[in-house]
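Asks: Structure provided below as structure tokens; questions to follow.
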Amino acid sequence: MTSAEQRRPLYTPDERIRRDNTRWTLVQGLLAPVQFLVFLVSLGLVLWFLYTGEGEQAALWSVVVKTLVLYLIMITGCIWEKVVFDCYLFAPAFYWEDVFSMLVLALHTAYLVAWIAGWLPPQALMLLALAAYATYVVNAGQFIWKLRMARLDMQARTPVNGPNGPNGPNGPLAGEVAS
């Protein structure tokens, strides 16, 4: 039994149909790269400020924009999860990604609260932003890995590559020795 056959697929057939038929899949697919671009610009501004002391306002506001985009993708992601898995968060297929997303949200929100309340000086705010960004990168990696595994799983389960496909153990080429 292969590892693809042993683990539960990311989506059941019904979930896959719901995923493919909802507009929220497209919304998530568009917002994710937008969020990543906003992150890269903000990261550059934050690092520039920390290195040179210049561009404080641009760096501070860029983290606000990044946080607002994060909130947007989280809200639309919850709607997507509800449509596909019938729960707003913590669907079994994305449980650990959602758990870590809570840390990402907490750190970004802590930045906003500290900034609005004036609790931290600009350099400390930027360090908090970098901590939030580090968790964002880990979380994005979790989602990318999960989606990659789902793609590989789907390929392994297709008739062409699956157990009954030409190269599978039950397929027409089973038992043939390559020359």
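By convention here, the chains of the structure tokens are called A, B, ... in the order presented, each chain's residues are numbered starting at 1, and ligands are numbered starting at 1 in the order presented.
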Give me, as an NGL selection string, the residues of region 67-171 of chain A that a backbone DSSP run labels helix (DSSP H, G or I).
Replies: :A and (67-85 or 92-117 or 122-157)
Asks: If you keep C-alpha atoms, can you produce a file of those selected residues as a compact mmCIF listing (two decimals), in the first residue's frame?
Replies:
```txt
# COMPACT_ATOMS: atom_id res chain seq x y z
CA THR A 67 -2.86 42.92 8.42
CA LEU A 68 -6.03 44.11 6.71
CA VAL A 69 -5.32 41.85 3.72
CA LEU A 70 -4.74 38.99 6.19
CA TYR A 71 -8.12 39.66 7.82
CA LEU A 72 -9.78 39.67 4.40
CA ILE A 73 -8.24 36.36 3.34
CA MET A 74 -9.12 34.82 6.71
CA ILE A 75 -12.77 35.90 6.45
CA THR A 76 -13.11 34.68 2.89
CA GLY A 77 -11.19 31.51 3.83
CA CYS A 78 -13.71 30.81 6.59
CA ILE A 79 -16.53 31.20 4.10
CA TRP A 80 -14.71 28.87 1.68
CA GLU A 81 -14.20 26.30 4.45
CA LYS A 82 -17.91 26.51 5.35
CA VAL A 83 -18.94 25.92 1.74
CA VAL A 84 -16.48 23.06 1.16
CA PHE A 85 -16.31 21.35 4.58
CA PRO A 92 -10.12 18.13 9.70
CA ALA A 93 -8.40 18.58 6.33
CA PHE A 94 -6.97 21.98 7.38
CA TYR A 95 -7.01 21.68 11.16
CA TRP A 96 -3.33 22.39 11.88
CA GLU A 97 -3.14 25.11 9.26
CA ASP A 98 -6.11 26.82 10.93
CA VAL A 99 -4.57 26.40 14.39
CA PHE A 100 -1.36 28.07 13.23
CA SER A 101 -3.41 30.74 11.45
CA MET A 102 -4.71 31.76 14.87
CA LEU A 103 -1.13 32.54 15.96
CA VAL A 104 -0.59 34.52 12.76
CA LEU A 105 -3.78 36.50 13.45
CA ALA A 106 -2.86 37.02 17.10
CA LEU A 107 0.55 38.49 16.28
CA HIS A 108 -0.79 40.74 13.52
CA THR A 109 -3.58 41.91 15.82
CA ALA A 110 -1.08 42.50 18.64
CA TYR A 111 0.81 44.77 16.24
CA LEU A 112 -2.34 46.79 15.49
CA VAL A 113 -3.29 47.09 19.15
CA ALA A 114 0.23 48.09 20.21
CA TRP A 115 0.45 50.62 17.37
CA ILE A 116 -2.96 52.20 18.02
CA ALA A 117 -2.44 52.27 21.81
CA PRO A 122 8.54 52.04 16.23
CA GLN A 123 11.53 49.66 16.31
CA ALA A 124 9.77 47.32 18.74
CA LEU A 125 6.66 47.45 16.55
CA MET A 126 8.77 46.46 13.57
CA LEU A 127 10.22 43.51 15.50
CA LEU A 128 6.70 42.44 16.41
CA ALA A 129 5.78 42.73 12.74
CA LEU A 130 8.74 40.52 11.82
CA ALA A 131 7.56 37.90 14.32
CA ALA A 132 4.08 38.06 12.77
CA TYR A 133 5.62 37.77 9.31
CA ALA A 134 7.69 34.75 10.33
CA THR A 135 4.52 32.96 11.44
CA TYR A 136 2.83 33.99 8.19
CA VAL A 137 5.64 32.41 6.16
CA VAL A 138 5.38 29.16 8.14
CA ASN A 139 1.59 29.16 7.74
CA ALA A 140 1.81 29.84 4.00
CA GLY A 141 4.27 26.96 3.77
CA GLN A 142 1.79 24.71 5.55
CA PHE A 143 -0.91 25.52 3.02
CA ILE A 144 1.42 25.15 0.03
CA TRP A 145 2.62 21.76 1.35
CA LYS A 146 -0.95 20.60 1.98
CA LEU A 147 -2.09 21.61 -1.50
CA ARG A 148 0.96 19.93 -3.05
CA MET A 149 0.17 16.72 -1.17
CA ALA A 150 -3.45 16.94 -2.36
CA ARG A 151 -2.27 17.28 -5.96
CA LEU A 152 0.05 14.29 -5.62
CA ASP A 153 -2.71 12.32 -3.91
CA MET A 154 -5.12 13.11 -6.72
CA GLN A 155 -2.56 12.04 -9.33
CA ALA A 156 -1.98 8.77 -7.49
CA ARG A 157 -5.71 8.09 -7.40
```
Asks: Within 8 Å of region 37-50 of chain A, counting only C-alpha atoms, which residues qualify if same-chain residues fewer than 4 places away don't, as a PDB file with N, CA and C atoms, in the first residue's frame?
Replies:
```pdb
ATOM      1  N   PRO A  33      -1.890  35.236  -3.632  1.00  0.00           N
ATOM      2  CA  PRO A  33      -0.712  35.916  -4.187  1.00  0.00           C
ATOM      3  C   PRO A  33      -0.705  37.420  -3.919  1.00  0.00           C
ATOM      4  N   GLU A  54      15.089  55.017   8.224  1.00  0.00           N
ATOM      5  CA  GLU A  54      14.298  55.839   7.297  1.00  0.00           C
ATOM      6  C   GLU A  54      13.013  55.113   6.918  1.00  0.00           C
ATOM      7  N   GLY A  55      11.983  55.891   6.585  1.00  0.00           N
ATOM      8  CA  GLY A  55      10.737  55.313   6.092  1.00  0.00           C
ATOM      9  C   GLY A  55       9.855  54.727   7.174  1.00  0.00           C
ATOM     10  N   GLU A  56       9.909  55.343   8.354  1.00  0.00           N
ATOM     11  CA  GLU A  56       9.137  54.818   9.488  1.00  0.00           C
ATOM     12  C   GLU A  56       7.647  54.714   9.181  1.00  0.00           C
ATOM     13  N   ALA A  58       6.019  54.707   6.298  1.00  0.00           N
ATOM     14  CA  ALA A  58       5.729  53.732   5.236  1.00  0.00           C
ATOM     15  C   ALA A  58       5.775  52.307   5.790  1.00  0.00           C
ATOM     16  N   ALA A  59       6.765  52.032   6.626  1.00  0.00           N
ATOM     17  CA  ALA A  59       6.886  50.695   7.214  1.00  0.00           C
ATOM     18  C   ALA A  59       5.713  50.403   8.148  1.00  0.00           C
ATOM     19  N   LEU A  60       5.393  51.378   9.025  1.00  0.00           N
ATOM     20  CA  LEU A  60       4.288  51.179   9.965  1.00  0.00           C
ATOM     21  C   LEU A  60       2.967  50.930   9.234  1.00  0.00           C
ATOM     22  N   SER A  62       2.550  49.948   6.144  1.00  0.00           N
ATOM     23  CA  SER A  62       2.572  48.740   5.312  1.00  0.00           C
ATOM     24  C   SER A  62       2.160  47.508   6.120  1.00  0.00           C
ATOM     25  N   VAL A  63       2.501  47.491   7.395  1.00  0.00           N
ATOM     26  CA  VAL A  63       2.093  46.370   8.246  1.00  0.00           C
ATOM     27  C   VAL A  63       0.582  46.420   8.486  1.00  0.00           C
ATOM     28  N   VAL A  65      -1.614  47.575   6.313  1.00  0.00           N
ATOM     29  CA  VAL A  65      -2.197  47.072   5.060  1.00  0.00           C
ATOM     30  C   VAL A  65      -2.073  45.553   4.997  1.00  0.00           C
ATOM     31  N   LYS A  66      -0.915  45.019   5.337  1.00  0.00           N
ATOM     32  CA  LYS A  66      -0.724  43.567   5.327  1.00  0.00           C
ATOM     33  C   LYS A  66      -1.713  42.898   6.274  1.00  0.00           C
ATOM     34  N   GLN A 123      10.652  50.817  16.543  1.00  0.00           N
ATOM     35  CA  GLN A 123      11.533  49.664  16.312  1.00  0.00           C
ATOM     36  C   GLN A 123      10.956  48.391  16.930  1.00  0.00           C
ATOM     37  N   MET A 126       8.246  47.129  14.754  1.00  0.00           N
ATOM     38  CA  MET A 126       8.772  46.457  13.565  1.00  0.00           C
ATOM     39  C   MET A 126       9.251  45.042  13.899  1.00  0.00           C
ATOM     40  N   LEU A 130       7.901  41.598  12.360  1.00  0.00           N
ATOM     41  CA  LEU A 130       8.739  40.517  11.821  1.00  0.00           C
ATOM     42  C   LEU A 130       8.367  39.165  12.428  1.00  0.00           C
ATOM     43  N   TYR A 133       5.295  38.173  10.680  1.00  0.00           N
ATOM     44  CA  TYR A 133       5.623  37.767   9.313  1.00  0.00           C
ATOM     45  C   TYR A 133       6.270  36.383   9.284  1.00  0.00           C
TER      46      TYR A 133
END
```
Asks: In Å to one decimal, how far is CA of Val64 (chain A) from CA of Trp119 (chain A)?
Replies: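 Result for CA of Trp119 (chain A) versus CA of Val64 (chain A): 15.7 Å, one decimal.
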Asks: Of the candidates A:Ala91, A:Trp61, A:Phe36, A:Leu120, which shows the shortest atom-to-atom distance to Leu10 (chain A), using only C-alpha atoms?
Replies: A:Ala91
